[in-house]
file structure_31.txt (compact mmCIF, C-alpha atoms and all ligand atoms)
# COMPACT_ATOMS: atom_id res chain seq x y z
CA MET A 1 -82.74 -34.45 -28.27
CA LYS A 2 -81.91 -30.78 -28.67
CA GLU A 3 -83.39 -30.14 -25.23
CA THR A 4 -81.32 -32.91 -23.65
CA ILE A 5 -78.13 -31.47 -25.16
CA GLU A 6 -78.97 -27.94 -24.02
CA LYS A 7 -79.58 -29.23 -20.50
CA LEU A 8 -76.22 -30.99 -20.58
CA LEU A 9 -74.57 -27.81 -21.90
CA SER A 10 -75.79 -25.78 -18.93
CA GLU A 11 -74.74 -28.62 -16.61
CA VAL A 12 -71.23 -28.42 -18.06
CA ALA A 13 -71.16 -24.63 -17.78
CA ALA A 14 -72.20 -24.72 -14.11
CA PHE A 15 -69.72 -27.46 -13.15
CA THR A 16 -66.92 -26.24 -10.85
CA PRO A 17 -65.08 -29.12 -9.24
CA SER A 18 -63.08 -28.53 -6.07
CA THR A 19 -61.21 -31.81 -6.05
CA LYS A 20 -59.46 -33.95 -8.63
CA GLU A 21 -61.88 -36.76 -7.82
CA GLU A 22 -64.94 -34.68 -8.74
CA LEU A 23 -63.29 -33.69 -12.00
CA GLU A 24 -62.49 -37.29 -12.86
CA ALA A 25 -66.08 -38.33 -12.16
CA PHE A 26 -67.27 -35.57 -14.50
CA ARG A 27 -64.84 -36.70 -17.22
CA ILE A 28 -66.08 -40.28 -17.00
CA ASP A 29 -69.70 -39.16 -16.97
CA PHE A 30 -69.37 -37.01 -20.11
CA LEU A 31 -66.34 -37.98 -22.12
CA ALA A 32 -65.49 -41.61 -21.47
CA ASN A 33 -66.36 -44.45 -23.88
CA LYS A 34 -69.58 -45.17 -22.07
CA GLY A 35 -70.25 -41.51 -21.33
CA LYS A 36 -73.15 -39.21 -22.15
CA ILE A 37 -71.56 -37.68 -25.25
CA LYS A 38 -70.72 -41.04 -26.82
CA ALA A 39 -74.36 -42.02 -26.16
CA LEU A 40 -75.57 -38.88 -27.95
CA PHE A 41 -73.42 -39.70 -30.98
CA ALA A 42 -74.85 -43.24 -30.94
CA ASP A 43 -78.36 -41.80 -30.91
CA PHE A 44 -77.51 -39.39 -33.74
CA LYS A 45 -78.73 -41.81 -36.42
CA ASN A 46 -82.28 -41.41 -35.07
CA VAL A 47 -82.24 -37.64 -35.52
CA PRO A 48 -84.42 -36.54 -38.44
CA ASN A 49 -82.32 -35.49 -41.42
CA GLU A 50 -83.37 -31.84 -41.39
CA GLN A 51 -82.17 -31.49 -37.77
CA LYS A 52 -78.92 -33.37 -38.25
CA LYS A 53 -76.82 -30.24 -38.94
CA ASP A 54 -77.99 -28.31 -35.83
CA VAL A 55 -77.92 -31.29 -33.49
CA GLY A 56 -74.52 -32.37 -34.80
CA GLN A 57 -73.10 -28.91 -34.11
CA LEU A 58 -74.64 -28.87 -30.65
CA ILE A 59 -73.13 -32.25 -29.69
CA ASN A 60 -69.73 -31.08 -30.93
CA THR A 61 -70.02 -27.87 -28.88
CA LEU A 62 -70.96 -29.95 -25.84
CA LYS A 63 -67.94 -32.19 -26.38
CA GLU A 64 -65.56 -29.21 -26.74
CA LYS A 65 -66.97 -27.47 -23.69
CA ALA A 66 -66.75 -30.61 -21.57
CA GLN A 67 -63.20 -31.25 -22.75
CA SER A 68 -62.01 -27.71 -22.06
CA LYS A 69 -63.63 -27.84 -18.63
CA VAL A 70 -61.60 -30.95 -17.87
CA ASP A 71 -58.39 -29.39 -19.23
CA ASP A 72 -58.84 -26.10 -17.36
CA PHE A 73 -59.57 -27.65 -14.02
CA LYS A 74 -56.87 -30.25 -14.37
CA ALA A 75 -54.33 -27.42 -14.57
CA LYS A 76 -55.94 -25.43 -11.79
CA LEU A 77 -56.29 -28.31 -9.38
CA SER A 78 -52.75 -29.54 -9.85
CA SER A 79 -51.20 -26.09 -9.39
CA SER A 80 -53.25 -25.46 -6.28
CA VAL A 81 -52.23 -28.71 -4.65
CA GLU A 82 -49.53 -26.86 -2.66
CA THR A 83 -52.06 -24.51 -1.18
CA SER A 84 -54.51 -27.11 0.00
CA GLU A 85 -55.01 -26.87 3.72
CA GLU A 86 -53.04 -29.94 4.77
CA SER A 87 -49.86 -29.08 2.90
CA ILE A 88 -49.48 -25.35 3.49
CA ASP A 89 -47.43 -24.19 6.46
CA LEU A 90 -49.37 -21.19 7.74
CA THR A 91 -46.62 -20.31 10.23
CA ARG A 92 -44.12 -19.52 7.49
CA THR A 93 -43.37 -15.86 6.85
CA ALA A 94 -44.54 -14.45 3.53
CA THR A 95 -41.03 -13.26 2.75
CA PRO A 96 -37.98 -15.29 3.80
CA SER A 97 -36.65 -14.04 7.13
CA LYS A 98 -33.20 -12.47 7.08
CA ILE A 99 -30.47 -14.35 8.89
CA GLY A 100 -28.73 -12.10 11.38
CA SER A 101 -25.03 -11.86 12.08
CA ARG A 102 -22.99 -11.83 15.25
CA HIS A 103 -22.18 -8.38 16.62
CA PRO A 104 -18.54 -7.30 16.06
CA ILE A 105 -18.10 -6.83 19.82
CA SER A 106 -19.19 -10.45 20.41
CA ILE A 107 -16.93 -11.69 17.62
CA VAL A 108 -13.87 -9.95 19.06
CA ARG A 109 -14.71 -10.85 22.68
CA ASN A 110 -15.04 -14.51 21.68
CA GLU A 111 -11.77 -14.37 19.80
CA ILE A 112 -9.98 -12.91 22.85
CA ILE A 113 -11.50 -15.63 25.05
CA ASN A 114 -10.45 -18.34 22.58
CA ILE A 115 -6.88 -17.12 22.46
CA PHE A 116 -6.49 -17.09 26.25
CA SER A 117 -8.41 -20.30 26.81
CA ARG A 118 -5.75 -22.08 24.74
CA ILE A 119 -3.24 -21.24 27.48
CA GLY A 120 -5.48 -22.26 30.35
CA PHE A 121 -7.54 -19.18 31.21
CA THR A 122 -11.11 -19.75 32.39
CA VAL A 123 -13.96 -17.23 32.02
CA SER A 124 -15.61 -15.55 35.01
CA GLU A 125 -18.15 -12.78 35.33
CA GLY A 126 -19.29 -10.27 37.92
CA PRO A 127 -22.18 -7.80 38.39
CA GLU A 128 -22.48 -4.55 36.43
CA VAL A 129 -23.98 -2.75 39.43
CA GLU A 130 -21.07 -2.85 41.83
CA ASP A 131 -20.27 -1.60 45.32
CA ASP A 132 -17.49 0.82 46.19
CA TRP A 133 -15.34 -1.92 47.71
CA HIS A 134 -15.09 -4.06 44.57
CA ASN A 135 -14.88 -1.24 42.05
CA PHE A 136 -12.54 1.08 43.98
CA THR A 137 -11.45 0.47 47.56
CA ALA A 138 -10.14 -3.10 47.30
CA LEU A 139 -8.28 -2.04 44.15
CA ASN A 140 -6.30 0.50 46.12
CA PHE A 141 -8.05 3.64 44.87
CA PRO A 142 -7.41 6.38 47.47
CA PRO A 143 -10.57 8.08 48.88
CA GLU A 144 -10.01 11.21 46.83
CA HIS A 145 -9.28 9.51 43.52
CA PRO A 146 -11.01 11.37 40.62
CA ALA A 147 -12.60 8.13 39.32
CA ARG A 148 -14.84 8.19 42.40
CA ASP A 149 -16.22 11.53 41.22
CA MET A 150 -19.77 11.93 39.89
CA GLN A 151 -18.21 13.42 36.78
CA ASP A 152 -16.60 10.11 35.89
CA THR A 153 -18.85 7.46 37.38
CA PHE A 154 -22.59 6.75 37.34
CA PHE A 155 -23.88 6.21 40.88
CA VAL A 156 -27.21 4.54 41.56
CA GLU A 157 -29.32 4.22 44.68
CA SER A 158 -30.30 0.71 45.68
CA GLU A 159 -31.58 -1.15 48.74
CA GLU A 160 -27.97 -1.81 49.69
CA GLY A 161 -27.22 1.93 49.62
CA GLU A 162 -25.23 3.83 47.04
CA MET A 163 -23.85 1.62 44.26
CA ALA A 164 -21.87 2.39 41.11
CA LEU A 165 -22.18 1.09 37.58
CA ARG A 166 -18.77 -0.56 37.37
CA THR A 167 -16.22 1.59 35.59
CA HIS A 168 -13.98 -1.33 34.70
CA THR A 169 -13.94 -5.13 34.80
CA SER A 170 -11.07 -5.01 37.33
CA SER A 171 -13.86 -5.26 39.94
CA VAL A 172 -14.28 -8.92 38.93
CA GLN A 173 -10.61 -9.59 39.89
CA VAL A 174 -11.48 -8.71 43.46
CA ARG A 175 -14.49 -11.02 43.53
CA ILE A 176 -12.47 -13.91 42.11
CA MET A 177 -9.56 -13.46 44.53
CA GLU A 178 -11.98 -13.23 47.47
CA ASN A 179 -13.62 -16.49 46.47
CA GLN A 180 -10.88 -18.66 44.96
CA LYS A 181 -7.53 -19.91 46.09
CA PRO A 182 -4.44 -19.54 43.84
CA PRO A 183 -3.46 -20.67 41.31
CA ILE A 184 -5.99 -18.45 39.53
CA ARG A 185 -5.96 -17.94 35.78
CA THR A 186 -9.12 -16.25 34.54
CA LEU A 187 -10.56 -13.84 32.03
CA SER A 188 -13.50 -11.54 32.84
CA PRO A 189 -15.34 -10.05 29.89
CA GLY A 190 -18.13 -7.56 30.40
CA ARG A 191 -19.78 -4.19 29.94
CA VAL A 192 -18.55 -1.14 31.83
CA TYR A 193 -19.93 2.39 32.26
CA ARG A 194 -18.44 5.86 32.46
CA ASN A 195 -19.99 9.27 32.69
CA GLU A 196 -18.75 10.52 29.32
CA ALA A 197 -20.36 12.62 26.63
CA ILE A 198 -21.03 10.35 23.64
CA SER A 199 -18.89 11.04 20.58
CA ALA A 200 -17.01 9.13 17.88
CA ARG A 201 -14.19 8.47 20.37
CA ALA A 202 -16.01 8.09 23.71
CA HIS A 203 -19.15 6.38 24.95
CA CYS A 204 -20.96 6.07 28.25
CA PHE A 205 -20.75 2.28 28.05
CA PHE A 206 -18.29 -0.06 26.41
CA HIS A 207 -16.76 -3.50 26.90
CA GLN A 208 -13.58 -4.75 28.50
CA VAL A 209 -11.83 -8.04 29.01
CA GLU A 210 -9.86 -8.35 32.21
CA GLY A 211 -7.16 -10.98 32.73
CA LEU A 212 -5.81 -12.21 36.04
CA TYR A 213 -3.08 -14.72 36.84
CA ILE A 214 -2.11 -15.43 40.46
CA ALA A 215 0.28 -18.20 41.50
CA GLU A 216 3.67 -18.67 43.12
CA ASN A 217 6.63 -16.98 41.39
CA VAL A 218 4.70 -15.18 38.68
CA SER A 219 6.97 -12.52 37.20
CA PHE A 220 6.78 -9.55 34.87
CA ALA A 221 8.48 -11.74 32.24
CA ASP A 222 5.47 -14.09 32.40
CA LEU A 223 3.17 -11.11 31.82
CA LYS A 224 5.21 -9.95 28.85
CA GLN A 225 5.34 -13.40 27.28
CA THR A 226 1.59 -13.91 27.75
CA LEU A 227 0.76 -10.58 26.15
CA MET A 228 3.15 -11.17 23.27
CA TYR A 229 1.45 -14.49 22.59
CA PHE A 230 -1.93 -12.73 22.64
CA ALA A 231 -0.83 -9.92 20.31
CA LYS A 232 0.54 -12.33 17.70
CA GLU A 233 -2.57 -14.52 17.81
CA MET A 234 -4.87 -11.52 17.56
CA PHE A 235 -3.07 -9.31 15.04
CA GLY A 236 -0.72 -11.69 13.22
CA GLU A 237 2.65 -13.40 13.63
CA LYS A 238 4.66 -10.31 12.62
CA THR A 239 3.14 -8.16 15.39
CA GLN A 240 5.54 -6.56 17.85
CA ILE A 241 4.68 -5.28 21.30
CA ARG A 242 5.95 -2.40 23.37
CA LEU A 243 5.45 -1.93 27.12
CA ARG A 244 5.52 1.63 28.43
CA PRO A 245 5.67 2.45 32.15
CA SER A 246 2.34 3.72 33.45
CA TYR A 247 0.31 4.00 36.64
CA PHE A 248 -2.77 2.16 37.94
CA PRO A 249 -3.63 2.07 41.66
CA PHE A 250 -4.03 -1.73 41.61
CA THR A 251 -0.77 -2.76 39.90
CA GLU A 252 2.87 -2.15 40.72
CA PRO A 253 4.73 -1.84 38.44
CA SER A 254 2.15 -0.85 35.83
CA ALA A 255 2.47 -0.59 32.08
CA GLU A 256 0.57 0.18 28.95
CA MET A 257 0.96 -2.13 26.00
CA ASP A 258 1.20 -1.03 22.38
CA VAL A 259 1.13 -3.30 19.34
CA SER A 260 2.79 -2.53 16.03
CA CYS A 261 0.27 -1.04 13.61
CA SER A 262 -1.08 -3.75 11.32
CA VAL A 263 -2.76 -1.18 9.08
CA CYS A 264 0.52 0.32 7.80
CA ASP A 265 3.03 -2.35 8.92
CA SER A 266 4.43 0.22 11.38
CA LYS A 267 5.36 2.60 8.57
CA GLY A 268 3.04 5.29 9.95
CA CYS A 269 -0.56 6.07 9.00
CA ASN A 270 -3.49 8.05 10.35
CA VAL A 271 -4.75 5.06 12.40
CA CYS A 272 -1.51 4.93 14.46
CA LYS A 273 -1.09 8.71 14.14
CA TYR A 274 2.24 8.12 12.37
CA THR A 275 3.82 6.49 15.43
CA GLY A 276 3.76 2.91 14.05
CA PHE A 277 2.21 1.66 17.32
CA LEU A 278 -1.26 1.41 18.83
CA GLU A 279 -2.11 1.31 22.52
CA ILE A 280 -4.38 -1.61 23.33
CA MET A 281 -4.32 -2.32 27.06
CA GLY A 282 -3.20 -1.57 30.59
CA CYS A 283 -1.40 -4.17 32.66
CA GLY A 284 0.93 -4.79 35.56
CA MET A 285 1.86 -6.90 38.58
CA VAL A 286 -1.04 -7.06 41.04
CA ASP A 287 -0.22 -4.69 43.92
CA PRO A 288 0.47 -6.62 47.17
CA ASN A 289 -2.12 -4.37 48.90
CA VAL A 290 -4.77 -5.65 46.51
CA LEU A 291 -3.80 -9.28 47.17
CA GLU A 292 -4.04 -8.67 50.93
CA ASN A 293 -7.39 -6.83 50.55
CA CYS A 294 -8.73 -9.98 48.90
CA GLY A 295 -7.30 -12.39 51.50
CA ILE A 296 -4.36 -13.67 49.46
CA ASP A 297 -0.94 -13.98 51.11
CA SER A 298 1.24 -11.51 49.21
CA LYS A 299 4.44 -13.07 50.58
CA LYS A 300 3.59 -16.40 49.00
CA TYR A 301 1.80 -15.35 45.83
CA THR A 302 2.37 -12.85 43.05
CA GLY A 303 0.41 -12.26 39.90
CA PHE A 304 -0.29 -10.10 36.92
CA ALA A 305 -3.41 -8.45 35.57
CA PHE A 306 -4.36 -6.77 32.34
CA GLY A 307 -7.41 -5.06 30.94
CA MET A 308 -8.32 -4.20 27.38
CA GLY A 309 -11.18 -2.43 25.61
CA VAL A 310 -13.05 -4.68 23.19
CA GLU A 311 -14.33 -1.76 21.06
CA ARG A 312 -10.77 -0.54 20.66
CA ILE A 313 -9.54 -3.91 19.39
CA ALA A 314 -12.57 -4.33 17.11
CA MET A 315 -11.88 -0.84 15.81
CA LEU A 316 -8.32 -1.78 14.87
CA LYS A 317 -9.30 -5.13 13.42
CA TYR A 318 -12.20 -3.87 11.32
CA LYS A 319 -11.12 -0.22 10.87
CA VAL A 320 -14.27 1.18 12.44
CA ASN A 321 -13.85 4.93 12.97
CA ASP A 322 -16.85 5.77 15.15
CA LEU A 323 -17.64 4.13 18.52
CA ARG A 324 -21.33 4.99 18.23
CA LEU A 325 -21.75 2.48 15.38
CA TYR A 326 -21.43 -0.38 17.88
CA SER A 327 -24.60 0.51 19.75
CA GLU A 328 -26.88 2.00 17.11
CA GLY A 329 -28.07 -1.35 15.74
CA ASP A 330 -27.88 -0.15 12.12
CA VAL A 331 -28.15 -3.29 9.96
CA ARG A 332 -26.08 -1.66 7.20
CA PHE A 333 -23.17 -1.69 9.66
CA LEU A 334 -23.94 -5.05 11.28
CA ASP A 335 -24.48 -6.90 7.98
CA GLN A 336 -20.82 -6.38 7.15
CA PHE A 337 -19.80 -8.88 9.83
CA LYS A 338 -21.76 -11.78 8.33
CA SER A 339 -18.69 -13.71 7.26
CA ALA A 340 -16.48 -12.64 10.15
CA PHE A 341 -16.89 -15.65 12.44
N1 LIG A 401 -8.99 -1.12 34.65
C1 LIG A 401 -8.17 -0.38 33.72
C2 LIG A 401 -9.04 0.58 32.94
O1 LIG A 401 -10.22 0.43 32.95
C3 LIG A 401 -7.48 -1.31 32.77
C4 LIG A 401 -6.45 -2.13 33.46
C5 LIG A 401 -5.17 -1.63 33.63
C6 LIG A 401 -6.76 -3.35 33.97
C7 LIG A 401 -4.19 -2.37 34.24
C8 LIG A 401 -5.79 -4.11 34.61
C9 LIG A 401 -4.51 -3.60 34.74
O2 LIG A 401 -6.04 -5.32 35.12
O3 LIG A 401 -3.56 -4.36 35.35
O4 LIG A 401 -8.53 1.44 32.29
call {"tool": "encode", "arguments": {"input": "structure_31.txt", "output": "structure tokens"}}
result
Amino acid sequence: MKETIEKLLSEVAAFTPSTKEELEAFRIDFLANKGKIKALFADFKNVPNEQKKDVGQLINTLKEKAQSKVDDFKAKLSSSVETSEESIDLTRTATPSKIGSRHPISIVRNEIINIFSRIGFTVSEGPEVEDDWHNFTALNFPPEHPARDMQDTFFVESEEGEMALRTHTSSVQVRIMENQKPPIRTLSPGRVYRNEAISARAHCFFHQVEGLYIAENVSFADLKQTLMYFAKEMFGEKTQIRLRPSYFPFTEPSAEMDVSCSVCDSKGCNVCKYTGFLEIMGCGMVDPNVLENCGIDSKKYTGFAFGMGVERIAMLKYKVNDLRLYSEGDVRFLDQFKSAF
């Protein structure tokens, strides 16, 4: 009998189930009512008296070992259920992936588009590599204008000859007017390029949103009212605007628009350089020459245009003091806009 028990003991020691079913079969085989251990106890009465102590201890050891085997593997097999081949998703990342956030330039651009789309403006886009006609000539830039200089503009060679990286989104105005009949009411967002040394206050590329409205009897009062609506929607109901006379080749008259400083409530601070106002865009009535260049009858139609820098507005809204932050892709900067849209 001793030999039988020792054989069973090594069987128990060597048993390593890999499924719950194998473990259950083992439990029934050894520990159940009709199992091997119960049978040994039943046979115990036939063991000669002088061996009873040893054999009794051996059967008890066998029972304990079998029981702890069952207990151990029960725990192991149930905790490893999740990792069995069918249930584990091997495509999941080991660490949860970080959810990104929208870029502040996209947030502000979308907000500008939303504000103007509520008063009927559509969105249109044009190419970033532009020809001289659309970027300069059609917009009334004289041949010697400094913007046409290599110092200010990036020129590139292409199959179509010399092209420029557009210096402003006003080029899209020309394309729209060439291809659509008035009334036109559209917004053109996009990236623009200038040959500038990169610093906190200047960059060689940035973003603008251009607005264009062409119809019959459009007046400067319409321009002013439209921009006032925009300023209040963008910077708050209390915002005031100021239009200062200015010059652009493609508008006549031209103006620059300031908004009251929302940082200090116009009391004066370092953001508005103690003037109480901040310049945010250029605007004006589309020059009749430009209308004619684009095939629109300037006797019948008038219109206004405006153009603003998206970085500039984002800067005022989020108090960003360095333009370079927008293009460096530093997540410590970008993470701050998680809740901004
Ligand atoms: N294109 C001008 C710039 O880049 C901005 C601008 C001024 C656009 C006046 C306009 C406008 O449409 O009417 O500085």
call {"tool": "residues_near_ligand", "arguments": {"input": "structure_31.txt", "ligand": "ligand LIG 401 (chain A)", "cutoff": "8 Å", "atoms": "only C-alpha atoms and all ligand atoms", "output": "tab-separated table (two decimals) with C-alpha atoms, in the coordinates of the input"}}
result
chain	number	residue	atom	x	y	z
A	167	THR	CA	-16.22	1.59	35.59
A	168	HIS	CA	-13.98	-1.33	34.70
A	169	THR	CA	-13.94	-5.13	34.80
A	170	SER	CA	-11.07	-5.01	37.33
A	173	GLN	CA	-10.61	-9.59	39.89
A	208	GLN	CA	-13.58	-4.75	28.50
A	210	GLU	CA	-9.86	-8.35	32.21
A	211	GLY	CA	-7.16	-10.98	32.73
A	212	LEU	CA	-5.81	-12.21	36.04
A	248	PHE	CA	-2.77	2.16	37.94
A	250	PHE	CA	-4.03	-1.73	41.61
A	251	THR	CA	-0.77	-2.76	39.90
A	254	SER	CA	2.15	-0.85	35.83
A	255	ALA	CA	2.47	-0.59	32.08
A	256	GLU	CA	0.57	0.18	28.95
A	281	MET	CA	-4.32	-2.32	27.06
A	282	GLY	CA	-3.20	-1.57	30.59
A	283	CYS	CA	-1.40	-4.17	32.66
A	284	GLY	CA	0.93	-4.79	35.56
A	285	MET	CA	1.86	-6.90	38.58
A	286	VAL	CA	-1.04	-7.06	41.04
A	304	PHE	CA	-0.29	-10.10	36.92
A	305	ALA	CA	-3.41	-8.45	35.57
A	306	PHE	CA	-4.36	-6.77	32.34
A	307	GLY	CA	-7.41	-5.06	30.94
A	308	MET	CA	-8.32	-4.20	27.38
A	309	GLY	CA	-11.18	-2.43	25.61
call {"tool": "residues_around", "arguments": {"input": "structure_31.txt", "residues": "region 101-103 of chain A", "least_positions_apart": "6", "cutoff": "10 Å", "atoms": "only C-alpha atoms", "output": "CSV table (one decimal) with C-alpha atoms, keeping the file's coordinate frame"}}
result
chain,number,residue,atom,x,y,z
A,109,ARG,CA,-14.7,-10.8,22.7
A,326,TYR,CA,-21.4,-0.4,17.9
A,327,SER,CA,-24.6,0.5,19.8
A,329,GLY,CA,-28.1,-1.4,15.7
A,331,VAL,CA,-28.2,-3.3,10.0
A,333,PHE,CA,-23.2,-1.7,9.7
A,334,LEU,CA,-23.9,-5.0,11.3
A,335,ASP,CA,-24.5,-6.9,8.0
A,336,GLN,CA,-20.8,-6.4,7.2
A,337,PHE,CA,-19.8,-8.9,9.8
A,338,LYS,CA,-21.8,-11.8,8.3
A,339,SER,CA,-18.7,-13.7,7.3
A,340,ALA,CA,-16.5,-12.6,10.2
A,341,PHE,CA,-16.9,-15.6,12.4
call {"tool": "atom_distance", "arguments": {"input": "structure_31.txt", "atom1": "CA of Ser199 (chain A)", "atom2": "CA of Leu323 (chain A)"}}
result
7.3 Å
call {"tool": "residues_around", "arguments": {"input": "structure_31.txt", "residues": "region 12-17 of chain A", "least_positions_apart": "5", "cutoff": "8 Å", "atoms": "only C-alpha atoms", "output": "JSON, numbers by chain"}}
result
{"A": [22, 23, 62, 65, 66, 69, 73]}
call {"tool": "residues_around", "arguments": {"input": "structure_31.txt", "residues": "Asn60 (chain A)", "least_positions_apart": "6", "cutoff": "12 Å", "atoms": "only C-alpha atoms", "output": "ChimeraX atom specification"}}
result
/A:5-6,9,31,37-38,40-41,44,52-54,66-67
call {"tool": "closest_residue", "arguments": {"input": "structure_31.txt", "among": "A:Gln180, A:Ser298, A:Asn195, A:Thr137", "to": "Pro249 (chain A)", "atoms": "all atoms listed in the file"}}
result
A:Thr137
call {"tool": "closest_residue", "arguments": {"input": "structure_31.txt", "among": "A:Ala42, A:Ala147, A:Ile176, A:Met1", "to": "Leu58 (chain A)", "atoms": "only C-alpha atoms"}}
result
A:Met1
call {"tool": "axis_aligned_box", "arguments": {"input": "structure_31.txt", "around": "region 114-122 of chain A", "padding_each_side": "3 Å", "output": "JSON"}}
result
{"center_x": -7.2, "center_y": -19.7, "center_z": 27.4, "size_x": 13.9, "size_y": 11.2, "size_z": 15.9}
